[in-house]
$ cat model_21.tsv   # TSV, N, CA and C atoms
chain	number	residue	atom	x	y	z
R	238	MET	N	23.25	-1.50	-8.52
R	238	MET	CA	24.01	-1.71	-7.31
R	238	MET	C	23.59	-0.67	-6.29
R	239	GLU	N	23.50	-1.09	-5.06
R	239	GLU	CA	23.17	-0.19	-3.97
R	239	GLU	C	24.25	0.89	-3.88
R	240	SER	N	23.81	2.10	-3.76
R	240	SER	CA	24.77	3.20	-3.69
R	240	SER	C	25.41	3.22	-2.30
R	241	VAL	N	26.73	3.12	-2.28
R	241	VAL	CA	27.44	3.17	-1.00
R	241	VAL	C	27.93	4.59	-0.74
R	242	GLY	N	27.78	5.48	-1.72
R	242	GLY	CA	28.24	6.85	-1.56
R	242	GLY	C	29.72	6.97	-1.84
R	243	TRP	N	30.16	8.20	-2.02
R	243	TRP	CA	31.56	8.44	-2.32
R	243	TRP	C	32.48	8.06	-1.18
R	244	ILE	N	32.10	8.42	0.02
R	244	ILE	CA	32.94	8.09	1.19
R	244	ILE	C	33.02	6.58	1.38
R	245	GLY	N	31.88	5.91	1.27
R	245	GLY	CA	31.85	4.45	1.40
R	245	GLY	C	32.67	3.77	0.31
R	246	ALA	N	32.59	4.30	-0.92
R	246	ALA	CA	33.36	3.72	-2.03
R	246	ALA	C	34.85	3.88	-1.79
R	247	ILE	N	35.25	5.03	-1.26
R	247	ILE	CA	36.67	5.26	-0.98
R	247	ILE	C	37.15	4.33	0.14
R	248	ILE	N	36.35	4.20	1.18
R	248	ILE	CA	36.74	3.34	2.30
R	248	ILE	C	36.79	1.88	1.88
R	249	ILE	N	35.74	1.41	1.22
R	249	ILE	CA	35.69	0.00	0.80
R	249	ILE	C	36.77	-0.29	-0.23
R	250	GLY	N	36.94	0.60	-1.21
R	250	GLY	CA	37.99	0.43	-2.21
R	250	GLY	C	39.37	0.46	-1.59
R	251	GLY	N	39.57	1.34	-0.62
R	251	GLY	CA	40.86	1.41	0.07
R	251	GLY	C	41.17	0.15	0.85
R	252	LEU	N	40.18	-0.36	1.56
R	252	LEU	CA	40.38	-1.61	2.30
R	252	LEU	C	40.65	-2.77	1.35
R	253	ALA	N	39.92	-2.80	0.24
R	253	ALA	CA	40.13	-3.87	-0.73
R	253	ALA	C	41.53	-3.79	-1.33
R	254	GLY	N	42.00	-2.59	-1.64
R	254	GLY	CA	43.35	-2.41	-2.18
R	254	GLY	C	44.42	-2.81	-1.19
R	255	TRP	N	44.23	-2.42	0.05
R	255	TRP	CA	45.20	-2.78	1.09
R	255	TRP	C	45.25	-4.30	1.27
R	256	LEU	N	44.07	-4.93	1.33
R	256	LEU	CA	44.01	-6.38	1.50
R	256	LEU	C	44.58	-7.10	0.29
R	257	ALA	N	44.29	-6.62	-0.91
R	257	ALA	CA	44.84	-7.24	-2.12
R	257	ALA	C	46.36	-7.14	-2.13
R	258	GLY	N	46.90	-6.02	-1.70
R	258	GLY	CA	48.36	-5.87	-1.62
R	258	GLY	C	48.98	-6.83	-0.63
R	259	LYS	N	48.29	-7.04	0.50
R	259	LYS	CA	48.79	-7.99	1.50
R	259	LYS	C	48.70	-9.43	1.00
R	260	MET	N	47.56	-9.77	0.37
R	260	MET	CA	47.35	-11.15	-0.10
R	260	MET	C	48.31	-11.51	-1.23
R	261	MET	N	48.60	-10.54	-2.11
R	261	MET	CA	49.46	-10.80	-3.25
R	261	MET	C	50.93	-10.52	-2.94
R	262	ASP	N	51.22	-10.06	-1.74
R	262	ASP	CA	52.57	-9.72	-1.29
R	262	ASP	C	53.27	-8.77	-2.26
R	263	ILE	N	52.54	-7.70	-2.60
R	263	ILE	CA	53.08	-6.67	-3.47
R	263	ILE	C	53.30	-5.43	-2.62
R	264	ARG	N	54.51	-4.92	-2.65
R	264	ARG	CA	54.87	-3.81	-1.78
R	264	ARG	C	55.05	-2.52	-2.58
R	265	PHE	N	53.94	-1.86	-2.84
R	265	PHE	CA	53.97	-0.55	-3.48
R	265	PHE	C	53.79	0.56	-2.46
R	266	GLY	N	53.51	0.20	-1.25
R	266	GLY	CA	53.19	1.17	-0.22
R	266	GLY	C	51.70	1.21	0.00
R	267	ILE	N	51.31	1.53	1.20
R	267	ILE	CA	49.89	1.47	1.57
R	267	ILE	C	49.05	2.46	0.77
R	268	PHE	N	49.57	3.64	0.50
R	268	PHE	CA	48.78	4.63	-0.23
R	268	PHE	C	48.57	4.24	-1.68
R	269	MET	N	49.58	3.68	-2.31
R	269	MET	CA	49.44	3.22	-3.69
R	269	MET	C	48.47	2.05	-3.76
R	270	ASN	N	48.54	1.14	-2.80
R	270	ASN	CA	47.60	0.02	-2.77
R	270	ASN	C	46.16	0.52	-2.59
R	271	ILE	N	45.97	1.51	-1.75
R	271	ILE	CA	44.63	2.06	-1.52
R	271	ILE	C	44.11	2.73	-2.80
R	272	ILE	N	44.96	3.50	-3.46
R	272	ILE	CA	44.54	4.16	-4.70
R	272	ILE	C	44.22	3.12	-5.77
R	273	LEU	N	45.06	2.10	-5.90
R	273	LEU	CA	44.78	1.04	-6.87
R	273	LEU	C	43.51	0.27	-6.50
R	274	GLY	N	43.22	0.16	-5.23
R	274	GLY	CA	41.98	-0.48	-4.81
R	274	GLY	C	40.76	0.31	-5.21
R	275	ILE	N	40.82	1.62	-5.06
R	275	ILE	CA	39.71	2.48	-5.44
R	275	ILE	C	39.52	2.45	-6.95
R	276	VAL	N	40.60	2.60	-7.70
R	276	VAL	CA	40.51	2.57	-9.15
R	276	VAL	C	40.11	1.17	-9.62
R	277	GLY	N	40.65	0.16	-8.99
R	277	GLY	CA	40.30	-1.23	-9.35
R	277	GLY	C	38.84	-1.54	-9.16
R	278	SER	N	38.24	-0.97	-8.14
R	278	SER	CA	36.82	-1.21	-7.92
R	278	SER	C	35.98	-0.60	-9.03
R	279	VAL	N	36.37	0.58	-9.48
R	279	VAL	CA	35.65	1.22	-10.58
R	279	VAL	C	35.82	0.42	-11.87
R	280	VAL	N	37.04	-0.02	-12.13
R	280	VAL	CA	37.31	-0.79	-13.34
R	280	VAL	C	36.57	-2.12	-13.31
R	281	ALA	N	36.61	-2.81	-12.19
R	281	ALA	CA	35.94	-4.11	-12.08
R	281	ALA	C	34.43	-3.97	-12.25
R	282	LEU	N	33.84	-2.96	-11.66
R	282	LEU	CA	32.40	-2.74	-11.83
R	282	LEU	C	32.06	-2.45	-13.28
R	283	ALA	N	32.89	-1.67	-13.96
R	283	ALA	CA	32.64	-1.36	-15.37
R	283	ALA	C	32.74	-2.62	-16.23
R	284	VAL	N	33.74	-3.44	-15.97
R	284	VAL	CA	33.92	-4.67	-16.75
R	284	VAL	C	32.76	-5.64	-16.50
R	285	LEU	N	32.37	-5.80	-15.24
R	285	LEU	CA	31.26	-6.70	-14.93
R	285	LEU	C	29.95	-6.21	-15.53
R	286	ASN	N	29.73	-4.91	-15.51
R	286	ASN	CA	28.52	-4.36	-16.12
R	286	ASN	C	28.53	-4.52	-17.63
R	287	THR	N	29.71	-4.42	-18.25
R	287	THR	CA	29.82	-4.59	-19.69
R	287	THR	C	29.42	-6.00	-20.11
R	288	PHE	N	29.85	-6.98	-19.34
R	288	PHE	CA	29.53	-8.37	-19.65
R	288	PHE	C	28.23	-8.84	-19.00
R	289	GLU	N	27.50	-7.89	-18.42
R	289	GLU	CA	26.21	-8.14	-17.79
R	289	GLU	C	26.27	-9.23	-16.72
R	290	ILE	N	27.33	-9.19	-15.94
R	290	ILE	CA	27.50	-10.12	-14.81
R	290	ILE	C	26.94	-9.43	-13.58
R	291	PRO	N	25.92	-10.03	-12.96
R	291	PRO	CA	25.31	-9.36	-11.80
R	291	PRO	C	26.24	-9.38	-10.58
R	292	VAL	N	26.17	-8.32	-9.83
R	292	VAL	CA	26.92	-8.20	-8.58
R	292	VAL	C	25.90	-8.06	-7.46
R	293	LYS	N	26.10	-8.79	-6.39
R	293	LYS	CA	25.17	-8.72	-5.28
R	293	LYS	C	25.05	-7.29	-4.78
R	294	ASP	N	23.81	-6.86	-4.59
R	294	ASP	CA	23.55	-5.48	-4.16
R	294	ASP	C	23.78	-5.30	-2.68
R	295	SER	N	25.04	-5.23	-2.30
R	295	SER	CA	25.38	-5.01	-0.90
R	295	SER	C	26.80	-4.47	-0.80
R	296	ARG	N	27.16	-4.09	0.37
R	296	ARG	CA	28.53	-3.61	0.59
R	296	ARG	C	29.53	-4.75	0.41
R	297	LEU	N	29.12	-5.96	0.79
R	297	LEU	CA	30.01	-7.11	0.61
R	297	LEU	C	30.25	-7.39	-0.87
R	298	GLY	N	29.20	-7.29	-1.68
R	298	GLY	CA	29.36	-7.47	-3.12
R	298	GLY	C	30.29	-6.43	-3.71
R	299	TYR	N	30.15	-5.20	-3.25
R	299	TYR	CA	31.03	-4.13	-3.71
R	299	TYR	C	32.47	-4.40	-3.25
R	300	PHE	N	32.64	-4.91	-2.03
R	300	PHE	CA	33.98	-5.20	-1.52
R	300	PHE	C	34.65	-6.31	-2.33
R	301	VAL	N	33.92	-7.37	-2.63
R	301	VAL	CA	34.48	-8.47	-3.41
R	301	VAL	C	34.87	-7.98	-4.80
R	302	THR	N	34.00	-7.19	-5.41
R	302	THR	CA	34.31	-6.63	-6.72
R	302	THR	C	35.53	-5.73	-6.66
R	303	ALA	N	35.61	-4.90	-5.64
R	303	ALA	CA	36.77	-4.01	-5.47
R	303	ALA	C	38.04	-4.82	-5.24
R	304	PHE	N	37.95	-5.89	-4.48
R	304	PHE	CA	39.12	-6.74	-4.22
R	304	PHE	C	39.63	-7.37	-5.51
R	305	LEU	N	38.71	-7.88	-6.32
R	305	LEU	CA	39.11	-8.49	-7.59
R	305	LEU	C	39.74	-7.46	-8.52
R	306	GLY	N	39.13	-6.28	-8.60
R	306	GLY	CA	39.69	-5.23	-9.44
R	306	GLY	C	41.03	-4.74	-8.94
R	307	ALA	N	41.17	-4.60	-7.64
R	307	ALA	CA	42.45	-4.16	-7.06
R	307	ALA	C	43.53	-5.20	-7.30
R	308	SER	N	43.19	-6.47	-7.15
R	308	SER	CA	44.16	-7.54	-7.40
R	308	SER	C	44.64	-7.51	-8.84
R	309	LEU	N	43.70	-7.31	-9.76
R	309	LEU	CA	44.06	-7.25	-11.17
R	309	LEU	C	44.96	-6.05	-11.46
R	310	LEU	N	44.61	-4.90	-10.94
R	310	LEU	CA	45.44	-3.71	-11.17
R	310	LEU	C	46.80	-3.80	-10.50
R	311	LEU	N	46.86	-4.38	-9.32
R	311	LEU	CA	48.15	-4.56	-8.65
R	311	LEU	C	49.05	-5.51	-9.45
R	312	PHE	N	48.45	-6.54	-10.01
R	312	PHE	CA	49.21	-7.49	-10.84
R	312	PHE	C	49.76	-6.79	-12.08
R	313	VAL	N	48.91	-6.01	-12.74
R	313	VAL	CA	49.35	-5.28	-13.93
R	313	VAL	C	50.41	-4.24	-13.56
R	314	ALA	N	50.23	-3.55	-12.45
R	314	ALA	CA	51.22	-2.55	-12.02
R	314	ALA	C	52.56	-3.21	-11.70
R	315	LYS	N	52.51	-4.42	-11.16
R	315	LYS	CA	53.75	-5.14	-10.86
R	315	LYS	C	54.49	-5.51	-12.13
R	316	ILE	N	53.75	-5.92	-13.13
R	316	ILE	CA	54.37	-6.28	-14.42
R	316	ILE	C	54.96	-5.04	-15.08
R	317	VAL	N	54.23	-3.94	-15.08
R	317	VAL	CA	54.69	-2.70	-15.71
R	317	VAL	C	55.90	-2.15	-14.98
R	318	ARG	N	55.94	-2.30	-13.68
R	318	ARG	CA	57.02	-1.74	-12.87
R	318	ARG	C	58.36	-2.42	-13.15
R	319	ARG	N	58.33	-3.67	-13.58
R	319	ARG	CA	59.59	-4.40	-13.85
R	319	ARG	C	60.22	-3.88	-15.04

$ encode --input "model_21.tsv" --output "structure tokens"
Amino acid sequence: MESVGWIGAIIIGGLAGWLAGKMMDIRFGIFMNIILGIVGSVVALAVLNTFEIPVKDSRLGYFVTAFLGASLLLFVAKIVRR
């Protein structure tokens, strides 16, 4: 995967987390959504690499992966929170 750098990963992961929180209508607060987006992007990339699923080498590919990971983590966090 193209290296987006630490700052880029934080920004893209944060945007993905914020968007995932809006799309799923989960209200944990903007900072929690951003943190879950960043962590979700790392988790999603690890899972996709484990199953050898290729991710497009671009910022958009990283954003989509981060969005999917953030959505998954937000869903799990919502279940755990209940």

$ atom_distance --input "model_21.tsv" --atom1 "atom C of Gly258 (chain R)" --atom2 "atom C of Gly306 (chain R)"
11.7 Å

$ residues_around --input "model_21.tsv" --residues "Ile267 (chain R)" --least-positions-apart "4" --cutoff "10 Å" --atoms "only C-alpha atoms" --output "PyMOL selection string"
chain R and resi 251+254-256+258-259+271-273

$ closest_residue --input "model_21.tsv" --among "R:Arg264, R:Ile316, R:Ser278, R:Ala257" --to "Thr302 (chain R)" --atoms "only N, CA and C atoms"
R:Ser278

$ select_by_dssp --input "model_21.tsv" --residues "region 251-306 of chain R" --states "helix (DSSP H, G or I)" --output "PyMOL selection string"
chain R and resi 251-260+267-287+296-306

$ write_last_selection --input "model_21.tsv" --atoms "N, CA and C atoms" --output "short mmCIF file (atom, residue, chain, number, x, y, z; two decimals), in the coordinates of the input"
data_model
loop_
_atom_site.label_atom_id
_atom_site.label_comp_id
_atom_site.auth_asym_id
_atom_site.auth_seq_id
_atom_site.Cartn_x
_atom_site.Cartn_y
_atom_site.Cartn_z
N GLY R 251 39.57 1.34 -0.62
CA GLY R 251 40.86 1.41 0.07
C GLY R 251 41.17 0.15 0.85
N LEU R 252 40.18 -0.36 1.56
CA LEU R 252 40.38 -1.61 2.30
C LEU R 252 40.65 -2.77 1.35
N ALA R 253 39.92 -2.80 0.24
CA ALA R 253 40.13 -3.87 -0.73
C ALA R 253 41.53 -3.79 -1.33
N GLY R 254 42.00 -2.59 -1.64
CA GLY R 254 43.35 -2.41 -2.18
C GLY R 254 44.42 -2.81 -1.19
N TRP R 255 44.23 -2.42 0.05
CA TRP R 255 45.20 -2.78 1.09
C TRP R 255 45.25 -4.30 1.27
N LEU R 256 44.07 -4.93 1.33
CA LEU R 256 44.01 -6.38 1.50
C LEU R 256 44.58 -7.10 0.29
N ALA R 257 44.29 -6.62 -0.91
CA ALA R 257 44.84 -7.24 -2.12
C ALA R 257 46.36 -7.14 -2.13
N GLY R 258 46.90 -6.02 -1.70
CA GLY R 258 48.36 -5.87 -1.62
C GLY R 258 48.98 -6.83 -0.63
N LYS R 259 48.29 -7.04 0.50
CA LYS R 259 48.79 -7.99 1.50
C LYS R 259 48.70 -9.43 1.00
N MET R 260 47.56 -9.77 0.37
CA MET R 260 47.35 -11.15 -0.10
C MET R 260 48.31 -11.51 -1.23
N ILE R 267 51.31 1.53 1.20
CA ILE R 267 49.89 1.47 1.57
C ILE R 267 49.05 2.46 0.77
N PHE R 268 49.57 3.64 0.50
CA PHE R 268 48.78 4.63 -0.23
C PHE R 268 48.57 4.24 -1.68
N MET R 269 49.58 3.68 -2.31
CA MET R 269 49.44 3.22 -3.69
C MET R 269 48.47 2.05 -3.76
N ASN R 270 48.54 1.14 -2.80
CA ASN R 270 47.60 0.02 -2.77
C ASN R 270 46.16 0.52 -2.59
N ILE R 271 45.97 1.51 -1.75
CA ILE R 271 44.63 2.06 -1.52
C ILE R 271 44.11 2.73 -2.80
N ILE R 272 44.96 3.50 -3.46
CA ILE R 272 44.54 4.16 -4.70
C ILE R 272 44.22 3.12 -5.77
N LEU R 273 45.06 2.10 -5.90
CA LEU R 273 44.78 1.04 -6.87
C LEU R 273 43.51 0.27 -6.50
N GLY R 274 43.22 0.16 -5.23
CA GLY R 274 41.98 -0.48 -4.81
C GLY R 274 40.76 0.31 -5.21
N ILE R 275 40.82 1.62 -5.06
CA ILE R 275 39.71 2.48 -5.44
C ILE R 275 39.52 2.45 -6.95
N VAL R 276 40.60 2.60 -7.70
CA VAL R 276 40.51 2.57 -9.15
C VAL R 276 40.11 1.17 -9.62
N GLY R 277 40.65 0.16 -8.99
CA GLY R 277 40.30 -1.23 -9.35
C GLY R 277 38.84 -1.54 -9.16
N SER R 278 38.24 -0.97 -8.14
CA SER R 278 36.82 -1.21 -7.92
C SER R 278 35.98 -0.60 -9.03
N VAL R 279 36.37 0.58 -9.48
CA VAL R 279 35.65 1.22 -10.58
C VAL R 279 35.82 0.42 -11.87
N VAL R 280 37.04 -0.02 -12.13
CA VAL R 280 37.31 -0.79 -13.34
C VAL R 280 36.57 -2.12 -13.31
N ALA R 281 36.61 -2.81 -12.19
CA ALA R 281 35.94 -4.11 -12.08
C ALA R 281 34.43 -3.97 -12.25
N LEU R 282 33.84 -2.96 -11.66
CA LEU R 282 32.40 -2.74 -11.83
C LEU R 282 32.06 -2.45 -13.28
N ALA R 283 32.89 -1.67 -13.96
CA ALA R 283 32.64 -1.36 -15.37
C ALA R 283 32.74 -2.62 -16.23
N VAL R 284 33.74 -3.44 -15.97
CA VAL R 284 33.92 -4.67 -16.75
C VAL R 284 32.76 -5.64 -16.50
N LEU R 285 32.37 -5.80 -15.24
CA LEU R 285 31.26 -6.70 -14.93
C LEU R 285 29.95 -6.21 -15.53
N ASN R 286 29.73 -4.91 -15.51
CA ASN R 286 28.52 -4.36 -16.12
C ASN R 286 28.53 -4.52 -17.63
N THR R 287 29.71 -4.42 -18.25
CA THR R 287 29.82 -4.59 -19.69
C THR R 287 29.42 -6.00 -20.11
N ARG R 296 27.16 -4.09 0.37
CA ARG R 296 28.53 -3.61 0.59
C ARG R 296 29.53 -4.75 0.41
N LEU R 297 29.12 -5.96 0.79
CA LEU R 297 30.01 -7.11 0.61
C LEU R 297 30.25 -7.39 -0.87
N GLY R 298 29.20 -7.29 -1.68
CA GLY R 298 29.36 -7.47 -3.12
C GLY R 298 30.29 -6.43 -3.71
N TYR R 299 30.15 -5.20 -3.25
CA TYR R 299 31.03 -4.13 -3.71
C TYR R 299 32.47 -4.40 -3.25
N PHE R 300 32.64 -4.91 -2.03
CA PHE R 300 33.98 -5.20 -1.52
C PHE R 300 34.65 -6.31 -2.33
N VAL R 301 33.92 -7.37 -2.63
CA VAL R 301 34.48 -8.47 -3.41
C VAL R 301 34.87 -7.98 -4.80
N THR R 302 34.00 -7.19 -5.41
CA THR R 302 34.31 -6.63 -6.72
C THR R 302 35.53 -5.73 -6.66
N ALA R 303 35.61 -4.90 -5.64
CA ALA R 303 36.77 -4.01 -5.47
C ALA R 303 38.04 -4.82 -5.24
N PHE R 304 37.95 -5.89 -4.48
CA PHE R 304 39.12 -6.74 -4.22
C PHE R 304 39.63 -7.37 -5.51
N LEU R 305 38.71 -7.88 -6.32
CA LEU R 305 39.11 -8.49 -7.59
C LEU R 305 39.74 -7.46 -8.52
N GLY R 306 39.13 -6.28 -8.60
CA GLY R 306 39.69 -5.23 -9.44
C GLY R 306 41.03 -4.74 -8.94
#

$ atom_distance --input "model_21.tsv" --atom1 "CA of Gly277 (chain R)" --atom2 "CA of Arg319 (chain R)"
20.1 Å

$ atom_distance --input "model_21.tsv" --atom1 "atom N of Thr287 (chain R)" --atom2 "atom N of Val317 (chain R)"
24.7 Å

$ closest_residue --input "model_21.tsv" --among "R:Phe265, R:Arg296, R:Pro291, R:Ala303" --to "Val241 (chain R)" --atoms "all atoms listed in the file"
R:Arg296

$ axis_aligned_box --input "model_21.tsv" --around "region 253-264 of chain R" --padding-each-side "5 Å" --output "AutoDock Vina command-line options"
--center_x 47.5 --center_y -7.0 --center_z -1.0 --size_x 25.1 --size_y 19.1 --size_z 15.0

$ closest_residue --input "model_21.tsv" --among "R:Val276, R:Leu297, R:Leu285, R:Ile248" --to "Leu310 (chain R)" --atoms "only N, CA and C atoms"
R:Val276

$ build_atoms --input "model_21.tsv" --residues "region 276-292 of chain R" --atoms "N, CA, C and O atoms" --output "PDB file, keeping the file's coordinate frame"
ATOM      1  N   VAL R 276      40.600   2.600  -7.700  1.00  0.00           N
ATOM      2  CA  VAL R 276      40.510   2.570  -9.150  1.00  0.00           C
ATOM      3  C   VAL R 276      40.110   1.170  -9.620  1.00  0.00           C
ATOM      4  O   VAL R 276      39.305   1.032 -10.553  1.00  0.00           O
ATOM      5  N   GLY R 277      40.650   0.160  -8.990  1.00  0.00           N
ATOM      6  CA  GLY R 277      40.300  -1.230  -9.350  1.00  0.00           C
ATOM      7  C   GLY R 277      38.840  -1.540  -9.160  1.00  0.00           C
ATOM      8  O   GLY R 277      38.229  -2.273  -9.946  1.00  0.00           O
ATOM      9  N   SER R 278      38.240  -0.970  -8.140  1.00  0.00           N
ATOM     10  CA  SER R 278      36.820  -1.210  -7.920  1.00  0.00           C
ATOM     11  C   SER R 278      35.980  -0.600  -9.030  1.00  0.00           C
ATOM     12  O   SER R 278      35.022  -1.198  -9.505  1.00  0.00           O
ATOM     13  N   VAL R 279      36.370   0.580  -9.480  1.00  0.00           N
ATOM     14  CA  VAL R 279      35.650   1.220 -10.580  1.00  0.00           C
ATOM     15  C   VAL R 279      35.820   0.420 -11.870  1.00  0.00           C
ATOM     16  O   VAL R 279      34.857   0.178 -12.598  1.00  0.00           O
ATOM     17  N   VAL R 280      37.040  -0.020 -12.130  1.00  0.00           N
ATOM     18  CA  VAL R 280      37.310  -0.790 -13.340  1.00  0.00           C
ATOM     19  C   VAL R 280      36.570  -2.120 -13.310  1.00  0.00           C
ATOM     20  O   VAL R 280      35.943  -2.526 -14.303  1.00  0.00           O
ATOM     21  N   ALA R 281      36.610  -2.810 -12.190  1.00  0.00           N
ATOM     22  CA  ALA R 281      35.940  -4.110 -12.080  1.00  0.00           C
ATOM     23  C   ALA R 281      34.430  -3.970 -12.250  1.00  0.00           C
ATOM     24  O   ALA R 281      33.800  -4.793 -12.932  1.00  0.00           O
ATOM     25  N   LEU R 282      33.840  -2.960 -11.660  1.00  0.00           N
ATOM     26  CA  LEU R 282      32.400  -2.740 -11.830  1.00  0.00           C
ATOM     27  C   LEU R 282      32.060  -2.450 -13.280  1.00  0.00           C
ATOM     28  O   LEU R 282      31.052  -2.946 -13.793  1.00  0.00           O
ATOM     29  N   ALA R 283      32.890  -1.670 -13.960  1.00  0.00           N
ATOM     30  CA  ALA R 283      32.640  -1.360 -15.370  1.00  0.00           C
ATOM     31  C   ALA R 283      32.740  -2.620 -16.230  1.00  0.00           C
ATOM     32  O   ALA R 283      31.906  -2.847 -17.113  1.00  0.00           O
ATOM     33  N   VAL R 284      33.740  -3.440 -15.970  1.00  0.00           N
ATOM     34  CA  VAL R 284      33.920  -4.670 -16.750  1.00  0.00           C
ATOM     35  C   VAL R 284      32.760  -5.640 -16.500  1.00  0.00           C
ATOM     36  O   VAL R 284      32.210  -6.222 -17.444  1.00  0.00           O
ATOM     37  N   LEU R 285      32.370  -5.800 -15.240  1.00  0.00           N
ATOM     38  CA  LEU R 285      31.260  -6.700 -14.930  1.00  0.00           C
ATOM     39  C   LEU R 285      29.950  -6.210 -15.530  1.00  0.00           C
ATOM     40  O   LEU R 285      29.146  -7.012 -16.016  1.00  0.00           O
ATOM     41  N   ASN R 286      29.730  -4.910 -15.510  1.00  0.00           N
ATOM     42  CA  ASN R 286      28.520  -4.360 -16.120  1.00  0.00           C
ATOM     43  C   ASN R 286      28.530  -4.520 -17.630  1.00  0.00           C
ATOM     44  O   ASN R 286      27.490  -4.737 -18.239  1.00  0.00           O
ATOM     45  N   THR R 287      29.710  -4.420 -18.250  1.00  0.00           N
ATOM     46  CA  THR R 287      29.820  -4.590 -19.690  1.00  0.00           C
ATOM     47  C   THR R 287      29.420  -6.000 -20.110  1.00  0.00           C
ATOM     48  O   THR R 287      28.728  -6.190 -21.104  1.00  0.00           O
ATOM     49  N   PHE R 288      29.850  -6.980 -19.340  1.00  0.00           N
ATOM     50  CA  PHE R 288      29.530  -8.370 -19.650  1.00  0.00           C
ATOM     51  C   PHE R 288      28.230  -8.840 -19.000  1.00  0.00           C
ATOM     52  O   PHE R 288      27.912 -10.022 -19.018  1.00  0.00           O
ATOM     53  N   GLU R 289      27.500  -7.890 -18.420  1.00  0.00           N
ATOM     54  CA  GLU R 289      26.210  -8.140 -17.790  1.00  0.00           C
ATOM     55  C   GLU R 289      26.270  -9.230 -16.720  1.00  0.00           C
ATOM     56  O   GLU R 289      25.402 -10.087 -16.622  1.00  0.00           O
ATOM     57  N   ILE R 290      27.330  -9.190 -15.940  1.00  0.00           N
ATOM     58  CA  ILE R 290      27.500 -10.120 -14.810  1.00  0.00           C
ATOM     59  C   ILE R 290      26.940  -9.430 -13.580  1.00  0.00           C
ATOM     60  O   ILE R 290      27.416  -8.356 -13.192  1.00  0.00           O
ATOM     61  N   PRO R 291      25.920 -10.030 -12.960  1.00  0.00           N
ATOM     62  CA  PRO R 291      25.310  -9.360 -11.800  1.00  0.00           C
ATOM     63  C   PRO R 291      26.240  -9.380 -10.580  1.00  0.00           C
ATOM     64  O   PRO R 291      26.978 -10.333 -10.355  1.00  0.00           O
ATOM     65  N   VAL R 292      26.170  -8.320  -9.830  1.00  0.00           N
ATOM     66  CA  VAL R 292      26.920  -8.200  -8.580  1.00  0.00           C
ATOM     67  C   VAL R 292      25.900  -8.060  -7.460  1.00  0.00           C
ATOM     68  O   VAL R 292      24.945  -7.303  -7.578  1.00  0.00           O
TER      69      VAL R 292
END
